[in-house]
$ cat input.txt   # compact mmCIF, C-alpha atoms and all ligand atoms
# COMPACT_ATOMS: atom_id res chain seq x y z
CA MET A 8 0.00 0.00 0.00
CA ASN A 9 1.39 3.37 -0.91
CA THR A 10 1.07 5.54 2.19
CA ASN A 11 2.92 8.72 3.06
CA ARG A 12 3.65 10.62 6.27
CA ARG A 13 0.81 13.12 5.84
CA ASP A 14 -1.77 10.35 5.29
CA PHE A 15 -0.52 8.50 8.32
CA LEU A 16 -0.70 11.56 10.58
CA LYS A 17 -4.19 12.34 9.31
CA VAL A 18 -5.40 8.87 10.31
CA ALA A 19 -3.77 8.99 13.76
CA LEU A 20 -5.07 12.48 14.58
CA ALA A 21 -8.55 11.73 13.22
CA GLY A 22 -8.73 8.71 15.53
CA ALA A 23 -7.71 10.76 18.54
CA ALA A 24 -10.07 13.61 17.67
CA THR A 25 -12.96 11.17 17.30
CA ALA A 26 -12.19 9.71 20.71
CA LEU A 27 -12.11 13.19 22.23
CA THR A 28 -15.27 14.53 20.60
CA THR A 29 -17.33 11.40 21.32
CA ASN A 30 -16.53 11.78 25.04
CA THR A 31 -17.10 15.51 25.65
CA ALA A 32 -20.54 14.59 27.02
CA GLN A 33 -18.76 12.90 29.95
CA ALA A 34 -17.67 16.17 31.61
CA ARG A 35 -17.19 15.63 35.33
CA PRO A 36 -20.17 17.27 37.12
CA PRO A 37 -19.51 19.88 39.85
CA LYS A 38 -19.33 18.60 43.44
CA ASP A 39 -22.25 19.38 45.77
CA LEU A 40 -22.04 20.98 49.20
CA PRO A 41 -22.92 18.36 51.87
CA PRO A 42 -26.30 19.40 53.39
CA ASP A 43 -24.85 19.72 56.91
CA ALA A 44 -21.54 21.24 55.86
CA VAL A 45 -20.14 23.71 58.38
CA GLY A 46 -18.25 26.90 57.72
CA ILE A 47 -17.19 30.36 58.82
CA LEU A 48 -18.59 33.72 57.76
CA TYR A 49 -15.97 36.46 58.10
CA ASP A 50 -17.39 40.00 57.99
CA ALA A 51 -14.57 42.52 57.48
CA THR A 52 -16.87 45.44 58.39
CA LEU A 53 -17.17 44.00 61.93
CA CYS A 54 -13.47 43.19 62.29
CA ILE A 55 -11.40 45.51 64.49
CA GLY A 56 -8.03 43.89 63.68
CA CYS A 57 -7.45 42.77 67.27
CA LYS A 58 -6.01 39.41 66.12
CA ALA A 59 -7.61 37.53 69.01
CA CYS A 60 -8.54 34.95 66.33
CA GLU A 61 -4.85 34.45 65.51
CA VAL A 62 -4.00 33.90 69.19
CA GLY A 63 -6.95 31.52 69.65
CA CYS A 64 -5.90 29.63 66.54
CA LYS A 65 -2.31 29.24 67.69
CA ASN A 66 -3.36 28.02 71.14
CA ALA A 67 -5.95 25.59 69.83
CA ASN A 68 -3.63 24.10 67.23
CA ALA A 69 -0.37 24.09 69.24
CA MET A 70 1.34 26.39 66.77
CA PRO A 71 4.51 28.19 67.94
CA THR A 72 3.74 31.57 69.46
CA ILE A 73 7.28 32.86 69.51
CA THR A 74 9.82 33.21 66.73
CA ASP A 75 13.02 31.26 66.15
CA PRO A 76 14.96 30.98 69.49
CA ALA A 77 18.21 31.74 67.63
CA LEU A 78 16.77 35.08 66.54
CA GLU A 79 15.73 35.84 70.09
CA GLN A 80 19.21 35.08 71.39
CA ALA A 81 20.75 37.32 68.75
CA LYS A 82 18.50 40.16 69.86
CA ASP A 83 19.17 39.39 73.54
CA VAL A 84 15.52 39.02 74.42
CA HIS A 85 13.66 36.13 75.96
CA ALA A 86 10.92 35.83 73.34
CA ILE A 87 9.49 37.69 70.37
CA TRP A 88 5.80 37.25 69.50
CA ASP A 89 5.50 35.57 66.13
CA ALA A 90 3.90 38.27 63.98
CA SER A 91 4.39 37.32 60.34
CA SER A 92 2.65 39.43 57.74
CA ASP A 93 1.10 36.49 55.88
CA LEU A 94 0.20 32.83 56.23
CA ASP A 95 3.17 30.57 56.76
CA SER A 96 4.02 27.22 58.35
CA ARG A 97 3.53 28.74 61.82
CA ASN A 98 0.25 30.58 61.16
CA LEU A 99 -3.02 28.93 60.06
CA ASN A 100 -4.91 32.18 59.84
CA LYS A 101 -3.83 35.75 59.32
CA ILE A 102 -5.52 39.11 59.68
CA LYS A 103 -4.18 41.48 57.03
CA ALA A 104 -4.84 45.18 56.47
CA PHE A 105 -5.20 46.83 53.08
CA ALA A 106 -5.10 50.61 52.72
CA GLN A 107 -5.86 52.99 49.86
CA GLY A 108 -4.82 56.66 49.61
CA THR A 109 -4.94 58.40 52.97
CA ALA A 110 -6.56 55.34 54.62
CA ALA A 111 -8.69 57.75 56.64
CA VAL A 112 -11.93 55.74 56.89
CA LYS A 113 -12.45 52.04 57.59
CA ASP A 114 -14.31 49.93 54.99
CA ARG A 115 -14.17 52.69 52.34
CA GLU A 116 -12.72 51.98 48.89
CA GLN A 117 -11.21 55.46 48.28
CA ASP A 118 -8.90 56.83 50.98
CA GLY A 119 -9.94 53.94 53.20
CA TYR A 120 -8.74 50.68 54.66
CA SER A 121 -10.08 47.24 55.45
CA PHE A 122 -9.03 44.13 57.30
CA ILE A 123 -9.25 40.69 55.76
CA LYS A 124 -8.82 37.28 57.33
CA ARG A 125 -6.99 34.64 55.33
CA ALA A 126 -7.25 30.91 56.00
CA CYS A 127 -8.18 27.75 54.12
CA MET A 128 -11.45 28.32 52.25
CA HIS A 129 -12.58 24.67 52.58
CA CYS A 130 -13.59 24.60 48.92
CA VAL A 131 -16.64 22.57 47.92
CA ASP A 132 -14.59 21.08 45.06
CA PRO A 133 -11.00 21.46 46.30
CA ASP A 134 -8.17 21.68 43.77
CA CYS A 135 -5.71 20.58 46.48
CA ILE A 136 -7.49 17.24 46.85
CA SER A 137 -7.60 16.73 43.11
CA ALA A 138 -3.85 17.42 42.82
CA CYS A 139 -2.69 15.24 45.75
CA PRO A 140 -1.41 11.92 44.34
CA VAL A 141 -1.70 10.01 47.65
CA SER A 142 -5.00 11.32 49.08
CA ALA A 143 -3.27 13.04 52.00
CA LEU A 144 -5.97 15.71 51.72
CA THR A 145 -9.57 14.59 52.02
CA LYS A 146 -12.99 16.19 52.35
CA ASP A 147 -15.23 14.99 55.16
CA PRO A 148 -18.48 13.77 53.57
CA LEU A 149 -20.63 15.21 56.40
CA THR A 150 -18.96 18.44 57.49
CA GLY A 151 -17.15 19.19 54.21
CA ILE A 152 -14.00 20.07 56.17
CA VAL A 153 -10.83 19.61 54.11
CA GLY A 154 -8.49 17.66 56.39
CA TYR A 155 -4.84 16.67 56.09
CA ASN A 156 -3.15 13.37 56.94
CA PRO A 157 0.58 13.94 57.57
CA ASP A 158 1.25 10.18 57.58
CA ALA A 159 0.06 9.84 53.98
CA CYS A 160 1.78 13.02 52.69
CA ILE A 161 4.92 12.48 50.57
CA GLY A 162 5.89 16.18 50.55
CA CYS A 163 5.46 16.67 46.78
CA ARG A 164 3.73 20.04 47.39
CA TYR A 165 1.36 19.61 44.43
CA CYS A 166 -1.42 20.92 46.71
CA GLN A 167 0.49 24.18 47.11
CA LEU A 168 0.66 24.66 43.36
CA ALA A 169 -2.97 23.69 42.82
CA CYS A 170 -4.65 25.84 45.50
CA PRO A 171 -6.16 28.97 43.87
CA PHE A 172 -5.94 30.82 47.20
CA ASN A 173 -2.27 30.07 47.96
CA ILE A 174 -3.15 28.50 51.31
CA PRO A 175 -1.11 25.33 52.03
CA LYS A 176 2.31 26.10 53.49
CA PHE A 177 5.32 23.81 53.83
CA GLU A 178 7.65 23.37 56.80
CA PHE A 179 10.90 24.04 54.94
CA ASP A 180 12.74 24.43 58.23
CA LYS A 181 11.91 20.92 59.52
CA PRO A 182 13.81 17.68 58.82
CA PHE A 183 10.50 15.87 58.15
CA PRO A 184 8.33 18.67 56.81
CA LYS A 185 4.55 18.66 56.67
CA ILE A 186 1.96 20.73 54.86
CA VAL A 187 0.25 23.23 57.17
CA LYS A 188 -3.24 24.63 56.71
CA CYS A 189 -6.43 25.33 58.68
CA GLU A 190 -8.59 22.24 59.27
CA MET A 191 -11.42 24.30 60.77
CA CYS A 192 -10.44 23.06 64.24
CA ARG A 193 -12.00 19.68 63.48
CA HIS A 194 -10.50 18.31 66.71
CA LEU A 195 -12.51 20.89 68.69
CA GLN A 196 -15.64 20.29 66.64
CA ALA A 197 -15.36 16.56 67.42
CA GLN A 198 -15.76 17.57 71.10
CA GLY A 199 -18.79 19.77 70.39
CA GLU A 200 -16.83 23.03 70.37
CA ILE A 201 -16.57 25.65 67.65
CA PRO A 202 -13.42 26.78 65.80
CA ALA A 203 -11.11 28.70 68.11
CA CYS A 204 -11.03 31.81 65.90
CA CYS A 205 -14.83 32.16 66.16
CA ALA A 206 -14.80 31.47 69.91
CA ALA A 207 -12.14 34.16 70.42
CA CYS A 208 -13.62 36.86 68.20
CA PRO A 209 -15.18 39.62 70.37
CA THR A 210 -17.16 41.32 67.59
CA GLY A 211 -18.85 38.52 65.63
CA ALA A 212 -16.58 39.16 62.63
CA SER A 213 -15.70 35.43 62.63
CA LEU A 214 -18.93 33.47 62.85
CA PHE A 215 -19.36 29.70 62.81
CA GLY A 216 -22.44 27.90 61.47
CA ARG A 217 -23.97 25.61 58.90
CA VAL A 218 -22.94 26.82 55.45
CA SER A 219 -26.54 26.88 54.17
CA ASP A 220 -27.46 29.17 57.10
CA LEU A 221 -24.34 31.31 56.71
CA LEU A 222 -25.20 31.86 53.03
CA GLN A 223 -28.61 33.19 54.09
CA GLU A 224 -27.04 35.36 56.79
CA GLY A 225 -24.58 36.74 54.25
CA GLN A 226 -27.38 37.65 51.83
CA ARG A 227 -29.35 39.23 54.71
CA ARG A 228 -26.41 41.47 55.56
CA LEU A 229 -25.96 42.55 51.95
CA ASN A 230 -29.50 43.95 52.06
CA LEU A 231 -29.10 45.86 55.35
CA PRO A 232 -29.42 49.65 54.93
CA PRO A 233 -26.08 51.42 55.61
CA GLY A 234 -26.11 53.75 58.61
CA THR A 235 -28.72 51.73 60.55
CA TYR A 236 -27.98 49.76 63.71
CA GLN A 237 -28.52 46.01 63.52
CA ASP A 238 -28.02 42.94 65.70
CA TYR A 239 -25.11 40.70 64.77
CA PRO A 240 -24.68 37.19 66.27
CA LEU A 241 -21.49 36.39 68.18
CA HIS A 242 -19.29 33.27 67.85
CA ARG A 243 -21.84 30.96 66.20
CA LEU A 244 -24.96 31.80 64.24
CA ASP A 245 -27.32 30.08 66.70
CA SER A 246 -25.50 31.06 69.91
CA GLY A 247 -28.27 33.43 71.01
CA GLN A 248 -25.56 35.99 71.82
CA GLN A 249 -25.50 39.14 69.77
CA ARG A 250 -24.34 42.73 69.70
CA SER A 251 -25.65 45.83 68.00
CA ALA A 252 -23.45 47.55 65.43
CA GLU A 253 -23.80 50.17 62.72
CA VAL A 254 -24.08 48.82 59.19
CA ARG A 255 -21.12 50.32 57.34
CA GLY A 256 -22.26 49.27 53.86
CA TYR A 257 -21.13 46.22 51.93
CA HIS A 258 -19.47 45.65 48.62
CA PRO A 259 -22.37 43.78 46.95
CA HIS A 260 -20.81 40.33 46.79
CA LEU A 261 -20.64 37.34 49.15
CA TYR A 262 -17.19 35.97 48.37
CA GLY A 263 -17.12 32.17 48.28
CA GLU A 264 -20.76 31.71 47.28
CA THR A 265 -19.74 30.80 43.74
CA GLU A 266 -15.95 31.15 43.46
CA THR A 267 -14.26 27.96 42.18
CA GLY A 268 -17.48 25.98 42.73
CA GLY A 269 -18.19 27.51 46.16
CA THR A 270 -16.31 27.59 49.46
CA GLN A 271 -17.33 26.91 53.07
CA TYR A 272 -15.43 29.95 54.31
CA LEU A 273 -17.45 32.98 53.20
CA LEU A 274 -16.42 36.62 53.25
CA LEU A 275 -18.12 40.01 53.32
CA ALA A 276 -16.32 43.36 53.07
CA GLY A 277 -16.94 47.02 52.45
CA VAL A 278 -14.51 47.18 49.52
CA PRO A 279 -14.02 44.98 46.43
CA PHE A 280 -12.29 41.70 47.21
CA GLU A 281 -9.66 42.24 44.51
CA ASN A 282 -8.44 45.16 46.68
CA LEU A 283 -8.00 42.72 49.57
CA GLY A 284 -5.77 40.27 47.73
CA LEU A 285 -8.46 37.72 46.93
CA PRO A 286 -8.44 36.30 43.40
CA ALA A 287 -11.33 36.80 40.97
CA LEU A 288 -12.41 33.22 40.16
CA GLY A 289 -15.14 31.76 37.99
CA PRO A 290 -17.78 29.27 39.19
CA GLU A 291 -15.93 26.19 37.93
CA SER A 292 -13.04 24.69 39.91
CA SER A 293 -9.79 23.76 38.19
CA ALA A 294 -10.33 20.28 39.66
CA GLN A 295 -13.54 19.90 37.65
CA LEU A 296 -11.89 21.15 34.47
CA SER A 297 -8.72 19.06 34.76
CA GLU A 298 -10.59 15.89 35.78
CA THR A 299 -12.96 16.37 32.83
CA ILE A 300 -9.97 16.53 30.48
CA GLN A 301 -8.35 13.48 32.12
CA HIS A 302 -11.57 11.46 31.99
CA THR A 303 -12.14 12.50 28.39
CA LEU A 304 -8.64 11.46 27.40
CA TYR A 305 -8.50 8.17 29.24
CA GLN A 306 -12.10 7.02 29.03
CA GLY A 307 -12.08 7.66 25.28
CA LEU A 308 -8.69 5.99 24.94
CA ALA A 309 -7.55 9.12 23.12
CA ALA A 310 -4.29 9.26 25.09
CA PRO A 311 -3.42 5.62 24.33
CA THR A 312 -4.43 6.27 20.70
CA LEU A 313 -2.08 9.23 20.50
CA LEU A 314 0.69 7.25 22.23
CA LEU A 315 0.29 4.27 19.93
CA GLY A 316 0.12 6.60 16.93
CA GLY A 317 3.35 8.28 18.03
CA LEU A 318 5.13 4.94 18.48
CA VAL A 319 3.97 3.58 15.13
CA TYR A 320 4.95 6.82 13.42
CA THR A 321 8.43 6.68 15.01
CA VAL A 322 8.93 3.12 13.78
CA TYR A 323 7.60 4.08 10.32
CA ARG A 324 9.98 7.04 10.14
CA ARG A 325 12.99 4.92 11.20
CA THR A 326 12.10 2.18 8.68
CA GLU A 327 11.76 4.78 5.94
CA ALA A 328 15.15 6.27 6.87
CA GLU A 329 16.78 2.83 6.88
CA ARG A 330 15.19 2.00 3.53
CA HIS A 331 16.53 5.24 2.13
CA ALA A 332 20.02 4.51 3.51
CA ASP A 333 19.94 1.02 1.94
CA ASP A 334 18.94 2.51 -1.45
CA VAL A 335 21.84 4.97 -1.27
CA GLU A 336 24.22 2.16 -0.33
CA GLU A 337 22.98 -0.03 -3.19
CA ARG A 338 23.32 2.80 -5.71
CA ARG A 339 26.92 3.34 -4.51
CA HIS A 340 27.80 -0.32 -5.17
CA ASP A 341 26.10 -0.40 -8.63
S1 LIG B 1 -8.43 26.88 49.86
FE1 LIG B 1 -6.78 25.70 48.91
S2 LIG B 1 -6.08 24.35 50.54
FE2 LIG B 1 -8.09 25.08 51.17
S3 LIG B 1 -9.56 23.54 50.39
FE3 LIG B 1 -9.41 25.13 48.82
S4 LIG B 1 -7.81 24.34 47.42
FE4 LIG B 1 -7.61 23.20 49.35
S1 LIG B 2 -10.85 27.30 62.18
FE1 LIG B 2 -9.30 26.79 63.73
S2 LIG B 2 -7.46 26.32 62.52
FE2 LIG B 2 -8.86 27.41 61.15
S3 LIG B 2 -8.29 29.58 61.29
FE3 LIG B 2 -9.92 29.23 62.81
S4 LIG B 2 -8.83 28.74 64.72
FE4 LIG B 2 -7.35 28.50 63.06
S1 LIG B 3 -10.80 38.25 66.57
FE1 LIG B 3 -12.48 38.97 65.27
S2 LIG B 3 -12.33 41.21 65.36
FE2 LIG B 3 -10.39 40.43 66.15
S3 LIG B 3 -9.08 40.38 64.30
FE3 LIG B 3 -10.01 38.34 64.47
S4 LIG B 3 -11.85 38.44 63.18
FE4 LIG B 3 -11.17 40.56 63.57

$ encode --input "input.txt" --output "structure tokens" --more "lines below"
Ligand code: SF4
Ligand code: SF4
Ligand code: SF4
Amino acid sequence: MNTNRRDFLKVALAGAATALTTNTAQARPPKDLPPDAVGILYDATLCIGCKACEVGCKNANAMPTITDPALEQAKDVHAIWDASSDLDSRNLNKIKAFAQGTAAVKDREQDGYSFIKRACMHCVDPDCISACPVSALTKDPLTGIVGYNPDACIGCRYCQLACPFNIPKFEFDKPFPKIVKCEMCRHLQAQGEIPACCAACPTGASLFGRVSDLLQEGQRRLNLPPGTYQDYPLHRLDSGQQRSAEVRGYHPHLYGETETGGTQYLLLAGVPFENLGLPALGPESSAQLSETIQHTLYQGLAAPTLLLGGLVYTVYRRTEAERHADDVEERRHD
């Protein structure tokens, strides 16, 4: 049969394309929020930047509260409070401040400032879980909490690369390093308690509850008239404890309601979230997209088709080259 390179490639690529197009209907569906999933609503307009949540978090999770002893010795002091400016392997949550212009007024976009609390978002469809090759990160089917198993972790740090919020941190300074991230104080929740940051917060800015209820609470706050005084729950949504505060006005978006397929940590603020270092993300997680591509490739055998095509083409090309070399050799001897 008289075939040439172009014909061969056409056949191989057509086979792969057919496999791909016949399987696009098998897109991986988005993951659903478990009905009793729990979460945290952080309201930046209520936050006073006291960092009691950071202290509560460190105590509850046995994180170091002082900096490197060598540094302390060098500075001839007994201890320095660990006050990093961002999340790291010693800090599971972090209160950050963002200012614009003169920073004269809190929760105002122009010439204002705002606090923001950063911690794991406990995504509904977490990219970190999708990226982890050994299932060291898992999502609890009831609470939706994204937990970490240090015994399973191989330290590849794929979760760090995959997380759209730049949350997981790595203990570079340890001989046997682990990944570090908020697990929503699941050890406290197992004893009937609430996350330490919500228990410590004096203003209700960090509020624990069922995600479905927190979503409603978030929408309720977005509709509150600025300048009025309203009751805000403290610590947990159904605690019965509350305080009255002036509504400062909200940027009209509940962050986490849709981002990357939804998150169980929800945020409200008076200024746009892009100004607070949070990424603008669509409603589809990267996990959904990448797993759809993987399933499409492997279920449709398109990847094996391409691989086989590549191998056959390589053999064909070598054979053709050898045949050509033989012809040249023969002509030389004639
Ligand atoms: S915020 Fe990052 S680390 Fe946390 S669940 Fe989502 S992808 Fe995972
Ligand atoms: S839920 Fe627990 S671990 Fe997470 S930020 Fe709050 S206190 Fe820290
Ligand atoms: S404890 Fe509450 S008010 Fe204080 S910094 Fe943390 S979230 Fe803000």

$ residues_near_ligand --input "input.txt" --ligand "ligand LIG 3 (chain B)" --cutoff "6 Å" --atoms "all atoms listed in the file" --output "list in words"
Cys54, Ile55, Gly56, Cys57, Lys58, Ala59, Cys60, Ile102, Ala207, Cys208, Pro209, Thr210, Ala212 and Ser213 of chain A

$ residues_around --input "input.txt" --residues "Cys135 in chain A" --least-positions-apart "3" --cutoff "10 Å" --atoms "only C-alpha atoms" --output "count of residues only"
22

$ residues_near_ligand --input "input.txt" --ligand "ligand LIG 2 (chain B)" --cutoff "6 Å" --atoms "all atoms listed in the file" --output "VMD selection string"
chain A and resid 63 to 64 99 to 100 126 189 to 192 202 to 204

$ residues_around --input "input.txt" --residues "range 270-280 of chain A" --least-positions-apart "3" --cutoff "6 Å" --atoms "only C-alpha atoms" --output "ChimeraX atom specification"
/A:46-52,114,116,128-131,256-258,261-263,283,285

$ residues_near_point --input "input.txt" --point "(-20.3, 30.8, 38.0)" --cutoff "8 Å" --atoms "only C-alpha atoms" --output "short mmCIF file (atom, residue, chain, number, x, y, z; two decimals) with C-alpha atoms, in the frame of the given file"
data_model
loop_
_atom_site.label_atom_id
_atom_site.label_comp_id
_atom_site.auth_asym_id
_atom_site.auth_seq_id
_atom_site.Cartn_x
_atom_site.Cartn_y
_atom_site.Cartn_z
CA THR A 265 -19.74 30.80 43.74
CA GLU A 266 -15.95 31.15 43.46
CA THR A 267 -14.26 27.96 42.18
CA GLY A 268 -17.48 25.98 42.73
CA GLY A 289 -15.14 31.76 37.99
CA PRO A 290 -17.78 29.27 39.19
CA GLU A 291 -15.93 26.19 37.93
#

$ atom_distance --input "input.txt" --atom1 "CA of Pro37 in chain A" --atom2 "CA of Phe215 in chain A"
25.0 Å

$ decode --input "input.txt" --residues "range 189-212 of chain A" --atoms "N, CA and C atoms" --output "mmCIF file, in the first residue's frame"
data_model
loop_
_atom_site.group_PDB
_atom_site.id
_atom_site.type_symbol
_atom_site.label_atom_id
_atom_site.label_comp_id
_atom_site.auth_asym_id
_atom_site.auth_seq_id
_atom_site.Cartn_x
_atom_site.Cartn_y
_atom_site.Cartn_z
ATOM 1 N N CYS A 189 -5.280 25.394 57.769
ATOM 2 C CA CYS A 189 -6.428 25.328 58.682
ATOM 3 C C CYS A 189 -7.289 24.108 58.366
ATOM 4 N N GLU A 190 -7.670 23.381 59.417
ATOM 5 C CA GLU A 190 -8.595 22.241 59.269
ATOM 6 C C GLU A 190 -9.897 22.531 60.017
ATOM 7 N N MET A 191 -10.207 23.795 60.114
ATOM 8 C CA MET A 191 -11.417 24.302 60.774
ATOM 9 C C MET A 191 -11.571 23.737 62.188
ATOM 10 N N CYS A 192 -10.443 23.578 62.858
ATOM 11 C CA CYS A 192 -10.444 23.062 64.240
ATOM 12 C C CYS A 192 -11.329 21.825 64.355
ATOM 13 N N ARG A 193 -11.130 20.864 63.461
ATOM 14 C CA ARG A 193 -12.000 19.678 63.483
ATOM 15 C C ARG A 193 -11.847 18.901 64.781
ATOM 16 N N HIS A 194 -10.667 18.999 65.429
ATOM 17 C CA HIS A 194 -10.501 18.307 66.709
ATOM 18 C C HIS A 194 -11.391 18.927 67.782
ATOM 19 N N LEU A 195 -11.602 20.243 67.725
ATOM 20 C CA LEU A 195 -12.506 20.893 68.686
ATOM 21 C C LEU A 195 -13.956 20.576 68.347
ATOM 22 N N GLN A 196 -14.261 20.586 67.049
ATOM 23 C CA GLN A 196 -15.641 20.292 66.640
ATOM 24 C C GLN A 196 -16.041 18.868 67.038
ATOM 25 N N ALA A 197 -15.070 17.954 67.022
ATOM 26 C CA ALA A 197 -15.362 16.564 67.425
ATOM 27 C C ALA A 197 -15.762 16.502 68.892
ATOM 28 N N GLN A 198 -15.384 17.525 69.673
ATOM 29 C CA GLN A 198 -15.756 17.570 71.099
ATOM 30 C C GLN A 198 -16.944 18.505 71.335
ATOM 31 N N GLY A 199 -17.617 18.907 70.253
ATOM 32 C CA GLY A 199 -18.791 19.769 70.394
ATOM 33 C C GLY A 199 -18.469 21.243 70.499
ATOM 34 N N GLU A 200 -17.203 21.610 70.296
ATOM 35 C CA GLU A 200 -16.834 23.032 70.375
ATOM 36 C C GLU A 200 -16.825 23.650 68.974
ATOM 37 N N ILE A 201 -16.624 24.962 68.949
ATOM 38 C CA ILE A 201 -16.570 25.650 67.654
ATOM 39 C C ILE A 201 -15.119 26.033 67.367
ATOM 40 N N PRO A 202 -14.798 26.383 66.110
ATOM 41 C CA PRO A 202 -13.420 26.784 65.799
ATOM 42 C C PRO A 202 -12.935 27.897 66.727
ATOM 43 N N ALA A 203 -11.661 27.793 67.112
ATOM 44 C CA ALA A 203 -11.105 28.701 68.114
ATOM 45 C C ALA A 203 -11.163 30.160 67.673
ATOM 46 N N CYS A 204 -11.014 30.416 66.367
ATOM 47 C CA CYS A 204 -11.028 31.810 65.905
ATOM 48 C C CYS A 204 -12.402 32.435 66.132
ATOM 49 N N CYS A 205 -13.469 31.639 65.960
ATOM 50 C CA CYS A 205 -14.828 32.156 66.161
ATOM 51 C C CYS A 205 -15.120 32.310 67.657
ATOM 52 N N ALA A 206 -14.598 31.372 68.456
ATOM 53 C CA ALA A 206 -14.801 31.467 69.908
ATOM 54 C C ALA A 206 -14.091 32.699 70.467
ATOM 55 N N ALA A 207 -12.942 33.054 69.874
ATOM 56 C CA ALA A 207 -12.138 34.156 70.422
ATOM 57 C C ALA A 207 -12.608 35.528 69.938
ATOM 58 N N CYS A 208 -13.295 35.561 68.823
ATOM 59 C CA CYS A 208 -13.616 36.861 68.197
ATOM 60 C C CYS A 208 -14.626 37.651 69.038
ATOM 61 N N PRO A 209 -14.276 38.871 69.471
ATOM 62 C CA PRO A 209 -15.175 39.620 70.365
ATOM 63 C C PRO A 209 -16.281 40.382 69.642
ATOM 64 N N THR A 210 -16.224 40.448 68.313
ATOM 65 C CA THR A 210 -17.160 41.316 67.587
ATOM 66 C C THR A 210 -18.167 40.572 66.712
ATOM 67 N N GLY A 211 -17.982 39.275 66.553
ATOM 68 C CA GLY A 211 -18.847 38.525 65.632
ATOM 69 C C GLY A 211 -18.322 38.554 64.198
ATOM 70 N N ALA A 212 -17.133 39.107 63.997
ATOM 71 C CA ALA A 212 -16.578 39.158 62.631
ATOM 72 C C ALA A 212 -16.279 37.758 62.108
#
